[in-house]
Amino acid sequence: GMGVQVIVKDPAEIENIKKREMDITKERIRKIIDAGARVVLTTKGVDDLCMKYFVEAGIICARRCNREDLKRLAKATGGRVVTTMADMEGNETFDVDCLGASDSVREVRIGDGEMLYVYGCKGHGASTIVLRGANEYMLDEMDRALHDSLCVVKRMLESNTLVPGGGAAEAALSVSLDDYANTIESREQMVISEYADALLVIPKTLAVNAAKDASELVAKLRSVHAKGQHSEDASDDALKFMGLDLVDGVIRDNLAAGVVEPAISKIKSLRFATEAAITILRIDDRITLNDMKGLAQQ
C-alpha cells in the first residue's frame with residue numbers, strides 16, 4: 001500500500017523475517033496482557049498463533065465484532081476503542097486507561113447462536129435489550145414497539161412536561177375551543193368550531209380500534225371535561241385528567257392510571273396537522289388532464 005519493497009536474496013532470511021513478525025505480534029499481545037486485560041474484542045480477524053497466546057493467558061478473545069457494538073461497550077464499561085498502540089515517541093505501548101471494567105463476561109447461547117454477555121459494567125450510559133420471538137415478523141413488531149416506547153421516554157426527558165393520554169388532551173381542547181367559538185361574532189366562529197370537532201377524531205379512533213362504542217364514550221368524555229371547565233367546585237379540577245379506558249370501555253383518571261404522553265409530541269402533532277390543513281386550503285384551483293393521448297396530438 002505504501003510502495004515499500006523488501007528484496008531478500010538469502011532464503012534463510014525469510015524465516016528470520018517471519019520469526020521477527022511473530023515476535024512483534026507476541027510483544028504486542030504481551031503488552032495487552034500485562035496491562036491487565038481479561039477480555040479482548042476486535043473488529044478484525046485473529047490468527048491462530050495469536051489466539052494461542054490469549055488462551056494460554058486465560059483471556060477471552062472475540063474476533064470480527066461490530067464496530068458500533070464496540071463503541072457502545074466501551075461507553076458502558078468506561079474503556080476506549082484502541083485503533084493503534086503507537087505513542088507520541090514512536091514506540092508501541094498499551095495504556096491502562098483504555099481498559100474498561102465489569103463484574104463478569106459470559107458466553108450465553110440464545111436460540112441457534114451464541115452471544116457475549118457483559119455483566120456489571122462500571123461505566124454508564126449504555127445497555128442492551130435482547131428481544132426473543134417465534135419468528136422475524138414478531139421480532140420486527142416488538143422492535144417497533146420498543147423503539148416507540150424509548151422515543152416517548154426520550155421526548156419526556158427532553159421536555160419535562162406531560163399530558164394525560166387516552167384522548168383527554170384532545171377532548172379538553174375541543175370543549176375549550178367550542179366555548180371560545182361562541183364568543184366570536186364573525187365567520188371565524190365556524191372555523192374554530194370545525195377545528196374543535198376535528199380534535200375528537202383522536203378519541204373516536206381510539207375507541208373504534210378497541211371495538212368500543214365511540215359515539216357514547218366520546219359524548220361522556222366531552223361531558224366530563226365540560227363539567228370540569230365550567231364548574232367552580234375545587235373538587236372538579238381533577239376532571240381535566242379524565243380520558244378513555246379502552247380495556248373496560250369507561251372514563252377514568254388517566255393521570256392517576258399512568259396513561260400519559262409527552263407534551264412536546266402533542267404540541268408538534270397539532271402544529272403539523274394545522275399547517276397541513278392551511279396548506280391544502282390555500283389551493284384555490286386545480287387542472288385535471290383526462291385525455292393524455294389527445295393532449296399529446298395537439
# chains A, B, ... in the order shown; residues from 1 in each chain; ligands from 1

call {"tool": "residues_around", "arguments": {"residues": "Lys71 of chain A", "least_positions_apart": "5", "cutoff": "10 Å", "atoms": "only C-alpha atoms", "output": "number ranges by chain"}}
result
A: 66, 76, 79-81, 126

call {"tool": "residues_around", "arguments": {"residues": "Asn160 of chain A", "least_positions_apart": "3", "cutoff": "12 Å", "atoms": "only C-alpha atoms", "output": "list of chain:residue names"}}
result
A:Val152, A:Val153, A:Lys154, A:Arg155, A:Met156, A:Leu157, A:Val163, A:Glu261, A:Pro262, A:Ala263, A:Ile264, A:Ser265

call {"tool": "atom_distance", "arguments": {"atom1": "atom CA of Ser215 of chain A", "atom2": "atom CA of Glu194 of chain A"}}
result
17.4 Å

call {"tool": "residues_around", "arguments": {"residues": "Leu206 of chain A", "least_positions_apart": "6", "cutoff": "12 Å", "atoms": "only C-alpha atoms", "output": "ChimeraX atom specification"}}
result
/A:165-168,170,200,212-215,217-218,243-247,249

call {"tool": "select_by_dssp", "arguments": {"residues": "segment 135-175 of chain A", "states": "helix (DSSP H, G or I)", "output": "PyMOL selection string"}}
result
chain A and resi 136-159+168-175

call {"tool": "closest_residue", "arguments": {"among": "A:Arg132, A:Lys204, A:His230, A:Lys52", "to": "Thr25 of chain A", "atoms": "only C-alpha atoms"}}
result
A:Lys52

call {"tool": "residues_around", "arguments": {"residues": "Ile192 of chain A", "least_positions_apart": "4", "cutoff": "12 Å", "atoms": "only C-alpha atoms", "output": "list in words"}}
result
Leu173, Ser174, Val175, Ser176, Leu177, Asp178, Asp179, Tyr180, Ala181, Asn182, Thr183, Ile184, Glu185, Ser186, Arg187, Glu188, Ala196, Asp197, Ala198, Leu199 and Thr274 of chain A

call {"tool": "residues_around", "arguments": {"residues": "Ala277 of chain A", "least_positions_apart": "4", "cutoff": "12 Å", "atoms": "only C-alpha atoms", "output": "list in words"}}
result
Val191, Glu194, Tyr195, Ala198, Leu270, Arg271, Phe272, Ala273, Leu281, Arg282 and Ile283 of chain A

call {"tool": "write_last_selection", "arguments": {"atoms": "N, CA, C and O atoms", "output": "tab-separated table (two decimals), in the first residue's frame"}}
result
chain	number	residue	atom	x	y	z
A	191	VAL	N	-64.89	28.27	11.71
A	191	VAL	CA	-63.58	27.63	11.59
A	191	VAL	C	-63.15	27.03	12.92
A	191	VAL	O	-62.68	25.89	13.00
A	194	GLU	N	-65.23	23.93	13.73
A	194	GLU	CA	-64.80	22.76	12.95
A	194	GLU	C	-63.48	22.21	13.47
A	194	GLU	O	-63.26	21.00	13.49
A	195	TYR	N	-62.58	23.10	13.87
A	195	TYR	CA	-61.30	22.65	14.44
A	195	TYR	C	-61.55	21.87	15.72
A	195	TYR	O	-60.91	20.83	15.97
A	198	ALA	N	-62.77	18.47	14.81
A	198	ALA	CA	-61.71	17.63	14.24
A	198	ALA	C	-60.84	17.01	15.32
A	198	ALA	O	-60.31	15.90	15.13
A	270	LEU	N	-50.24	18.62	16.70
A	270	LEU	CA	-51.29	19.61	16.42
A	270	LEU	C	-50.77	20.70	15.47
A	270	LEU	O	-51.48	21.15	14.57
A	271	ARG	N	-49.54	21.11	15.68
A	271	ARG	CA	-48.96	22.16	14.84
A	271	ARG	C	-48.82	21.68	13.39
A	271	ARG	O	-49.19	22.40	12.44
A	272	PHE	N	-48.30	20.48	13.20
A	272	PHE	CA	-48.11	19.97	11.84
A	272	PHE	C	-49.45	19.74	11.15
A	272	PHE	O	-49.59	20.01	9.94
A	273	ALA	N	-50.44	19.22	11.87
A	273	ALA	CA	-51.76	18.99	11.28
A	273	ALA	C	-52.40	20.31	10.87
A	273	ALA	O	-53.02	20.41	9.80
A	281	LEU	N	-55.91	24.34	2.15
A	281	LEU	CA	-56.92	25.38	1.94
A	281	LEU	C	-56.41	26.51	1.05
A	281	LEU	O	-57.21	27.23	0.44
A	282	ARG	N	-55.11	26.68	0.97
A	282	ARG	CA	-54.56	27.72	0.12
A	282	ARG	C	-54.64	27.39	-1.36
A	282	ARG	O	-54.47	28.25	-2.22
A	283	ILE	N	-54.89	26.11	-1.69
A	283	ILE	CA	-55.02	25.69	-3.08
A	283	ILE	C	-56.41	26.08	-3.56
A	283	ILE	O	-57.42	25.51	-3.13

call {"tool": "residues_around", "arguments": {"residues": "Thr93 of chain A", "least_positions_apart": "3", "cutoff": "9 Å", "atoms": "only C-alpha atoms", "output": "VMD selection string"}}
result
chain A and resid 28 31 to 32 85 to 87

call {"tool": "closest_residue", "arguments": {"among": "A:Ser104, A:Thr77, A:Asn91, A:Thr83", "to": "Gly123 of chain A", "atoms": "only C-alpha atoms"}}
result
A:Thr77

call {"tool": "select_by_dssp", "arguments": {"residues": "segment 79-233 of chain A", "states": "strand (DSSP E or B)", "output": "list in words"}}
result
Ala86, Glu92, Ser104, Val105, Arg106, Glu107, Val108, Arg109, Ile110, Gly113, Glu114, Met115, Leu116, Tyr117, Val118, Tyr119, Leu162, Val163 and Pro164 of chain A

call {"tool": "write_last_selection", "arguments": {"atoms": "C-alpha atoms", "output": "JSON list (two decimals), in the first residue's frame"}}
result
[["chain", "number", "residue", "atom", "x", "y", "z"],
["A", 86, "ALA", "CA", 1.84, 3.66, 18.77],
["A", 92, "GLU", "CA", 4.34, 0.78, 20.96],
["A", 104, "SER", "CA", -18.12, -10.74, 34.59],
["A", 105, "VAL", "CA", -18.22, -11.70, 30.91],
["A", 106, "ARG", "CA", -20.03, -14.85, 29.83],
["A", 107, "GLU", "CA", -20.92, -16.55, 26.59],
["A", 108, "VAL", "CA", -24.61, -17.44, 26.58],
["A", 109, "ARG", "CA", -26.42, -19.50, 23.97],
["A", 110, "ILE", "CA", -29.52, -17.71, 22.66],
["A", 113, "GLY", "CA", -26.47, -18.58, 18.17],
["A", 114, "GLU", "CA", -24.17, -17.56, 20.98],
["A", 115, "MET", "CA", -23.87, -14.10, 22.49],
["A", 116, "LEU", "CA", -21.30, -12.49, 24.75],
["A", 117, "TYR", "CA", -22.90, -11.01, 27.87],
["A", 118, "VAL", "CA", -21.09, -8.36, 29.89],
["A", 119, "TYR", "CA", -22.50, -8.03, 33.42],
["A", 162, "LEU", "CA", -46.57, 15.60, 30.05],
["A", 163, "VAL", "CA", -50.31, 15.50, 29.39],
["A", 164, "PRO", "CA", -52.86, 12.76, 30.19]]
